[in-house]
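Take a look at the structure below.
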Amino acid sequence: MKTPLATAIAALALTSTFAIAEEPKSGGTINTIIQPEPPGLVLGMVQNAPTRVVAGNIYEGLLRYSTDLEPMPQLAESWDVSDDGLTWTFHLREGVLWHDGEPFTSADVVFSADVFHRELNPSARAVLQHVESIEATDDHTVVFTLSAPFGPFLLSFEAGTFTMVPKHLYEGTDFRDNEHNNHPIGTGAFKFENWDRGTVIQLVRNDDYYEDDLPYLDGINWHIIPDGASRAVAYENGTVDVLPNGTVENFDIPRLAEMDNTCITDEGHEYFSPFAMLWMNNREGPTADKRFRQAVMYAMDREFARDVLWNGLGNVPLSAFGSNARFQNDELEPYDHNPDRARELLDEMGYDGEEVRLLPLPYGETWTRWAEAVQQNLREVGVNVRTQSTDVGGWNQRLSEWDYDMAFTFLYQYGDPALGITRSYLSDNIEKGSPWNNVEGYENERVDELFNEAATAFPDEEREALYHEAQEIIHEDVPVGWLLELGFPTIYRCDVKDLVTSGVGVNDGFKDAWLDR
């Protein structure tokens with residue numbers, strides 16, 4: 001059942017569907033908030049959600065996606081596929097310039113995909129393992145040849161997943177130590193202007209942007225305000241115009257939504273389907289025993305988290321596949337809140353009270369309270385759990401080096417399990433240095449076989465059968481804790497128009513946005 005806030009958001013979204021088209025106006029700067037401050041702005045190298053929100057307006061991918069996940073042209077103006085599904089040809093826009101004035105060509109696409117992302121980006125690597133070759137046949141044509149048909153291939157070219165980076169600035173360098181990481185150069189509608197650390201990130205209009213009349217705005221100021229209450233006040237007193245998801249605490253949303261000239265939408269997350277999880281280190285300690293991990297699932301009161309901490313926004317997931325993911329096995333037995341069953345499993349494994357470290361996600365008070373709630377749930381069934389808080393950089397480092405027992409995160413499911421789900425469970429995606437791959441260290445040969453076969457199986461009925469079997473095994477093994485399919489509302493002044501125009505929302509929406517003032 002929806003809460004009043006969730007019902008109100010749904011009603012506003014329905015109303016916006018019937019809004020009368022207006023003539024856009026040029027000019028003006030939007031003030032918004034980014035929370036927390038991103039660790040960097042080079043997409044592909046950094047994949048934290050705050051990085052995607054800001055840098056999605058600097059960088060671009062070959063395609064965009066509608067809220068129905070239909071592909072739309074971006075740097076590629078058209079594409080075609082061979083009859084056997086193995087050869088995908090992308091025809092690039094002509095006249096596109098990098099922000100430093102150099103031309104964007106097919107050589108940048110080949111470098112971005114075949115070099116930059118193969119080294120740095122686990123999401124892109126999950127796609128590239130199905131790619132046999134990438135060839136630039138001329139300056140504006142790129143041909144991807146697959147080793148086998150891969151159903152979700154066309155869903156993988158969003159800017160945050162398959163970022164186009166400038167070959168002329170990165171080729172032959174240490175990517176992570178490149179001087180241009182401090183002044184990102186993309187092809188997007190906005191250019192990086194300034195980053196006053198701890199205060200504001202400023203983007204300005206790209207006057208050489210290739211889409212006619214876009215962008216309408218002169219710029220975007222992303223204010224960095226560490227305190228949650230102060231972020232809410234900044235909207236209330238008119239300092240900021242837009243509150244992207246997660247920038248105010250959930251308990252403030254109902255009050256802010258009632259303000260004059262305030263609109264709210266939960267659209268713009270269809271591509272991502274954000275899925276909150278609890279990493280559990282499968283390598284050592286109590287969390288290496290699946291009975292302990294099962295006990296954690298039974299101990300957690302996830303309905304409380306949804307109803308109280310998230311204002312009824314979102315869904316409690318059945319298992320590894322969210323309800324928006326394709327091929328969910330809905331016949332699995334849910335892990336309901338059952339402290340008695342949790343205690344039985346802990347007794348069965350002989351848990352002796354060994355301390356377990358819990359790493360919260362440093363994205364605001366709501367996440368802190370969630371960690372406190374889980375800590376209380378676990379202590380109630382006899383788990384000796386201690387939280388170890390850190391900042392975003394420390395969180396990235398701890399997970400990348402596997403220095404944790406349990407840790408909060410949320411990952412994107414990307415519309416198809418081969419893109420956003422399998423990366424967390426495939427054993428060949430276990431690698432130090434990234435907090436977005438198989439961080440928990442789960443290894444199951446049969447699951448590997450099922451996921452790899454399902455990625456290229458045909459038709460969909462065959463994919464479904466393979467994914468259902470994989471889910472049954474994962475549901476038993478509980479490599480991670482499945483917390484919540486997150487509801488992420490965006491709050492904004494109603495005179496900010498056309499802010500959400502794709503399935504990634506404000507991450508690329510400012511190029512279409514305009515001010516009716």
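Chain labels A, B, ... are given in the sequence in which chains occur in the structure tokens; within each chain residues are numbered consecutively from 1, and ligands are likewise numbered from 1 in the order shown.
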I need the residues of region 227-311 of chain A that end up classed as strand (DSSP E) by DSSP on the backbone, written out as a ChimeraX atom specification.
/A:242-243,262-265,274-280
Fewer than 4 positions away in the same chain doesn't count, so skip those; otherwise give me all residues within 8 Å of region 126-135 of chain A, counting only C-alpha atoms, as a ChimeraX atom specification.
/A:110,113-114,118,122,142-148,150,153,156,418-419,423
Written file, previous selection with all heavy atoms, as a short mmCIF file (atom, residue, chain, number, x, y, z; two decimals), in the first residue's frame:
data_model
loop_
_atom_site.label_atom_id
_atom_site.label_comp_id
_atom_site.auth_asym_id
_atom_site.auth_seq_id
_atom_site.Cartn_x
_atom_site.Cartn_y
_atom_site.Cartn_z
N VAL A 110 36.40 4.07 -30.10
CA VAL A 110 37.19 2.84 -29.99
C VAL A 110 38.09 2.91 -28.76
O VAL A 110 38.19 1.94 -27.99
CB VAL A 110 38.03 2.62 -31.26
CG1 VAL A 110 38.95 1.41 -31.08
CG2 VAL A 110 37.13 2.42 -32.47
N ALA A 113 35.90 2.63 -25.44
CA ALA A 113 35.35 1.31 -25.20
C ALA A 113 36.43 0.25 -25.03
O ALA A 113 36.42 -0.54 -24.08
CB ALA A 113 34.41 0.92 -26.34
N ASP A 114 37.39 0.24 -25.95
CA ASP A 114 38.32 -0.88 -26.03
C ASP A 114 39.53 -0.75 -25.12
O ASP A 114 40.22 -1.73 -24.84
CB ASP A 114 38.79 -1.04 -27.48
CG ASP A 114 38.87 -2.49 -27.91
OD1 ASP A 114 38.30 -3.34 -27.20
OD2 ASP A 114 39.48 -2.77 -28.96
N ARG A 118 37.74 -0.96 -20.65
CA ARG A 118 38.21 -2.33 -20.35
C ARG A 118 39.12 -2.33 -19.12
O ARG A 118 39.16 -3.29 -18.37
CB ARG A 118 38.94 -2.92 -21.55
CG ARG A 118 38.03 -3.41 -22.66
CD ARG A 118 38.78 -4.29 -23.63
NE ARG A 118 38.02 -4.56 -24.85
CZ ARG A 118 37.13 -5.55 -24.97
NH1 ARG A 118 36.88 -6.34 -23.94
NH2 ARG A 118 36.50 -5.74 -26.11
N PRO A 122 33.89 -1.75 -14.45
CA PRO A 122 33.33 -3.10 -14.39
C PRO A 122 31.98 -3.23 -15.08
O PRO A 122 31.65 -4.29 -15.61
CB PRO A 122 33.22 -3.38 -12.88
CG PRO A 122 33.29 -2.05 -12.22
CD PRO A 122 34.11 -1.18 -13.11
N VAL A 142 31.43 3.44 -36.42
CA VAL A 142 32.06 2.47 -35.53
C VAL A 142 31.29 1.16 -35.62
O VAL A 142 30.05 1.16 -35.55
CB VAL A 142 32.09 2.96 -34.07
CG1 VAL A 142 32.76 1.93 -33.18
CG2 VAL A 142 32.79 4.29 -33.96
N VAL A 143 32.03 0.07 -35.76
CA VAL A 143 31.41 -1.25 -35.88
C VAL A 143 31.82 -2.12 -34.70
O VAL A 143 33.02 -2.35 -34.46
CB VAL A 143 31.81 -1.93 -37.20
CG1 VAL A 143 31.18 -3.33 -37.29
CG2 VAL A 143 31.39 -1.09 -38.39
N PHE A 144 30.83 -2.57 -33.94
CA PHE A 144 31.05 -3.51 -32.85
C PHE A 144 30.67 -4.90 -33.36
O PHE A 144 29.54 -5.11 -33.81
CB PHE A 144 30.17 -3.18 -31.64
CG PHE A 144 30.57 -1.96 -30.87
CD1 PHE A 144 30.31 -0.69 -31.36
CD2 PHE A 144 31.19 -2.08 -29.64
CE1 PHE A 144 30.67 0.45 -30.64
CE2 PHE A 144 31.55 -0.96 -28.92
CZ PHE A 144 31.30 0.30 -29.42
N THR A 145 31.59 -5.85 -33.26
CA THR A 145 31.31 -7.23 -33.64
C THR A 145 31.26 -8.09 -32.39
O THR A 145 32.23 -8.13 -31.62
CB THR A 145 32.38 -7.77 -34.61
OG1 THR A 145 32.43 -6.93 -35.76
CG2 THR A 145 32.04 -9.18 -35.05
N LEU A 146 30.13 -8.76 -32.17
CA LEU A 146 29.93 -9.56 -30.97
C LEU A 146 30.34 -11.01 -31.23
O LEU A 146 30.30 -11.50 -32.36
CB LEU A 146 28.47 -9.51 -30.53
CG LEU A 146 27.83 -8.12 -30.38
CD1 LEU A 146 26.44 -8.26 -29.75
CD2 LEU A 146 28.69 -7.20 -29.55
N SER A 147 30.70 -11.68 -30.17
CA SER A 147 31.04 -13.10 -30.27
C SER A 147 29.78 -13.97 -30.36
O SER A 147 29.82 -15.09 -30.86
CB SER A 147 31.88 -13.53 -29.07
OG SER A 147 31.22 -13.20 -27.85
N ALA A 148 28.67 -13.45 -29.87
CA ALA A 148 27.37 -14.12 -29.95
C ALA A 148 26.31 -13.04 -29.76
O ALA A 148 26.58 -11.98 -29.18
CB ALA A 148 27.24 -15.20 -28.87
N PHE A 150 23.76 -10.69 -28.19
CA PHE A 150 23.67 -10.27 -26.79
C PHE A 150 22.46 -9.35 -26.67
O PHE A 150 22.52 -8.19 -27.08
CB PHE A 150 24.97 -9.57 -26.38
CG PHE A 150 25.03 -9.10 -24.96
CD1 PHE A 150 24.75 -9.96 -23.92
CD2 PHE A 150 25.38 -7.79 -24.66
CE1 PHE A 150 24.81 -9.53 -22.60
CE2 PHE A 150 25.44 -7.35 -23.35
CZ PHE A 150 25.15 -8.23 -22.31
N PHE A 153 22.44 -5.56 -25.54
CA PHE A 153 23.58 -4.76 -26.00
C PHE A 153 23.20 -3.30 -26.22
O PHE A 153 23.94 -2.38 -25.83
CB PHE A 153 24.14 -5.36 -27.30
CG PHE A 153 25.36 -4.66 -27.82
CD1 PHE A 153 26.56 -4.71 -27.13
CD2 PHE A 153 25.31 -3.93 -29.00
CE1 PHE A 153 27.70 -4.07 -27.60
CE2 PHE A 153 26.44 -3.29 -29.48
CZ PHE A 153 27.63 -3.36 -28.79
N SER A 156 23.25 -0.54 -23.35
CA SER A 156 24.47 -0.35 -22.56
C SER A 156 25.23 0.94 -22.86
O SER A 156 26.33 1.12 -22.34
CB SER A 156 25.40 -1.54 -22.77
OG SER A 156 25.73 -1.69 -24.13
N ALA A 418 21.92 -8.91 -17.34
CA ALA A 418 23.26 -9.04 -17.89
C ALA A 418 24.05 -7.75 -17.76
O ALA A 418 25.29 -7.77 -17.80
CB ALA A 418 23.18 -9.45 -19.36
N LEU A 419 23.36 -6.61 -17.57
CA LEU A 419 24.04 -5.33 -17.48
C LEU A 419 24.31 -4.92 -16.03
O LEU A 419 25.39 -4.42 -15.72
CB LEU A 419 23.20 -4.25 -18.17
CG LEU A 419 22.93 -4.43 -19.65
CD1 LEU A 419 22.11 -3.27 -20.18
CD2 LEU A 419 24.23 -4.57 -20.43
N ARG A 423 27.12 -8.59 -12.59
CA ARG A 423 28.45 -8.10 -12.20
C ARG A 423 28.73 -8.33 -10.72
O ARG A 423 29.88 -8.40 -10.29
CB ARG A 423 28.58 -6.61 -12.52
CG ARG A 423 27.54 -5.74 -11.81
CD ARG A 423 27.76 -4.28 -12.11
NE ARG A 423 26.62 -3.47 -11.71
CZ ARG A 423 26.71 -2.20 -11.35
NH1 ARG A 423 27.88 -1.61 -11.30
NH2 ARG A 423 25.63 -1.52 -11.04
#
Write out as a list in words each polymer residue whose atoms come within 9 Å of Arg398 (chain A), counting only C-alpha atoms; drop sequence neighbours fewer than 5 positions from it.
Leu359, Gly393, Asp403, Tyr404 and Pro435 of chain A
Among the residues of region 195-268 of chain A, find those DSSP assigns to helix (DSSP H, G or I) from the backbone and print them as a PyMOL selection string.
chain A and resi 228-236+250-257
Export of the given selection (N, CA, C and O atoms) as a PDB file, in the first residue's frame:
ATOM      1  N   GLY A 228      22.190  18.063   6.422  1.00  0.00           N
ATOM      2  CA  GLY A 228      20.902  17.779   5.805  1.00  0.00           C
ATOM      3  C   GLY A 228      19.864  18.843   6.069  1.00  0.00           C
ATOM      4  O   GLY A 228      19.117  19.240   5.164  1.00  0.00           O
ATOM      5  N   ALA A 229      19.787  19.324   7.302  1.00  0.00           N
ATOM      6  CA  ALA A 229      18.810  20.362   7.627  1.00  0.00           C
ATOM      7  C   ALA A 229      19.083  21.638   6.844  1.00  0.00           C
ATOM      8  O   ALA A 229      18.159  22.315   6.369  1.00  0.00           O
ATOM      9  N   SER A 230      20.360  21.970   6.666  1.00  0.00           N
ATOM     10  CA  SER A 230      20.724  23.175   5.917  1.00  0.00           C
ATOM     11  C   SER A 230      20.379  23.038   4.438  1.00  0.00           C
ATOM     12  O   SER A 230      20.041  24.028   3.779  1.00  0.00           O
ATOM     13  N   ARG A 231      20.452  21.832   3.903  1.00  0.00           N
ATOM     14  CA  ARG A 231      20.060  21.627   2.510  1.00  0.00           C
ATOM     15  C   ARG A 231      18.572  21.873   2.326  1.00  0.00           C
ATOM     16  O   ARG A 231      18.143  22.486   1.334  1.00  0.00           O
ATOM     17  N   ALA A 232      17.769  21.410   3.276  1.00  0.00           N
ATOM     18  CA  ALA A 232      16.326  21.665   3.207  1.00  0.00           C
ATOM     19  C   ALA A 232      16.036  23.156   3.313  1.00  0.00           C
ATOM     20  O   ALA A 232      15.201  23.692   2.575  1.00  0.00           O
ATOM     21  N   VAL A 233      16.734  23.831   4.207  1.00  0.00           N
ATOM     22  CA  VAL A 233      16.543  25.274   4.369  1.00  0.00           C
ATOM     23  C   VAL A 233      16.929  26.014   3.097  1.00  0.00           C
ATOM     24  O   VAL A 233      16.281  26.994   2.709  1.00  0.00           O
ATOM     25  N   ALA A 234      17.973  25.555   2.411  1.00  0.00           N
ATOM     26  CA  ALA A 234      18.408  26.209   1.178  1.00  0.00           C
ATOM     27  C   ALA A 234      17.311  26.179   0.126  1.00  0.00           C
ATOM     28  O   ALA A 234      17.183  27.116  -0.678  1.00  0.00           O
ATOM     29  N   TYR A 235      16.506  25.119   0.117  1.00  0.00           N
ATOM     30  CA  TYR A 235      15.365  25.089  -0.809  1.00  0.00           C
ATOM     31  C   TYR A 235      14.241  25.980  -0.292  1.00  0.00           C
ATOM     32  O   TYR A 235      13.630  26.736  -1.048  1.00  0.00           O
ATOM     33  N   GLU A 236      13.990  25.911   0.997  1.00  0.00           N
ATOM     34  CA  GLU A 236      12.892  26.692   1.572  1.00  0.00           C
ATOM     35  C   GLU A 236      13.106  28.194   1.406  1.00  0.00           C
ATOM     36  O   GLU A 236      12.152  28.952   1.178  1.00  0.00           O
ATOM     37  N   ASN A 250      14.873  11.951   3.917  1.00  0.00           N
ATOM     38  CA  ASN A 250      13.527  11.512   3.549  1.00  0.00           C
ATOM     39  C   ASN A 250      12.445  12.101   4.435  1.00  0.00           C
ATOM     40  O   ASN A 250      11.337  12.386   3.970  1.00  0.00           O
ATOM     41  N   PHE A 251      12.771  12.319   5.711  1.00  0.00           N
ATOM     42  CA  PHE A 251      11.737  12.832   6.611  1.00  0.00           C
ATOM     43  C   PHE A 251      11.386  14.287   6.319  1.00  0.00           C
ATOM     44  O   PHE A 251      10.381  14.801   6.807  1.00  0.00           O
ATOM     45  N   ASP A 252      12.220  14.997   5.523  1.00  0.00           N
ATOM     46  CA  ASP A 252      11.914  16.379   5.148  1.00  0.00           C
ATOM     47  C   ASP A 252      11.065  16.475   3.883  1.00  0.00           C
ATOM     48  O   ASP A 252      10.504  17.540   3.587  1.00  0.00           O
ATOM     49  N   ILE A 253      10.977  15.391   3.131  1.00  0.00           N
ATOM     50  CA  ILE A 253      10.324  15.457   1.825  1.00  0.00           C
ATOM     51  C   ILE A 253       8.834  15.828   1.923  1.00  0.00           C
ATOM     52  O   ILE A 253       8.362  16.694   1.172  1.00  0.00           O
ATOM     53  N   PRO A 254       8.047  15.235   2.818  1.00  0.00           N
ATOM     54  CA  PRO A 254       6.623  15.608   2.856  1.00  0.00           C
ATOM     55  C   PRO A 254       6.406  17.103   3.093  1.00  0.00           C
ATOM     56  O   PRO A 254       5.524  17.715   2.478  1.00  0.00           O
ATOM     57  N   ARG A 255       7.202  17.711   3.967  1.00  0.00           N
ATOM     58  CA  ARG A 255       7.038  19.144   4.242  1.00  0.00           C
ATOM     59  C   ARG A 255       7.416  19.984   3.021  1.00  0.00           C
ATOM     60  O   ARG A 255       6.684  20.901   2.643  1.00  0.00           O
ATOM     61  N   LEU A 256       8.532  19.660   2.394  1.00  0.00           N
ATOM     62  CA  LEU A 256       8.979  20.434   1.240  1.00  0.00           C
ATOM     63  C   LEU A 256       8.016  20.287   0.070  1.00  0.00           C
ATOM     64  O   LEU A 256       7.791  21.235  -0.688  1.00  0.00           O
ATOM     65  N   ALA A 257       7.433  19.118  -0.079  1.00  0.00           N
ATOM     66  CA  ALA A 257       6.520  18.872  -1.193  1.00  0.00           C
ATOM     67  C   ALA A 257       5.255  19.716  -1.108  1.00  0.00           C
ATOM     68  O   ALA A 257       4.579  19.943  -2.124  1.00  0.00           O
TER      69      ALA A 257
END
A:Leu313, A:Leu426, A:Ala299, A:Val392: which is nearest Val374 (chain A), counting only C-alpha atoms?
A:Ala299
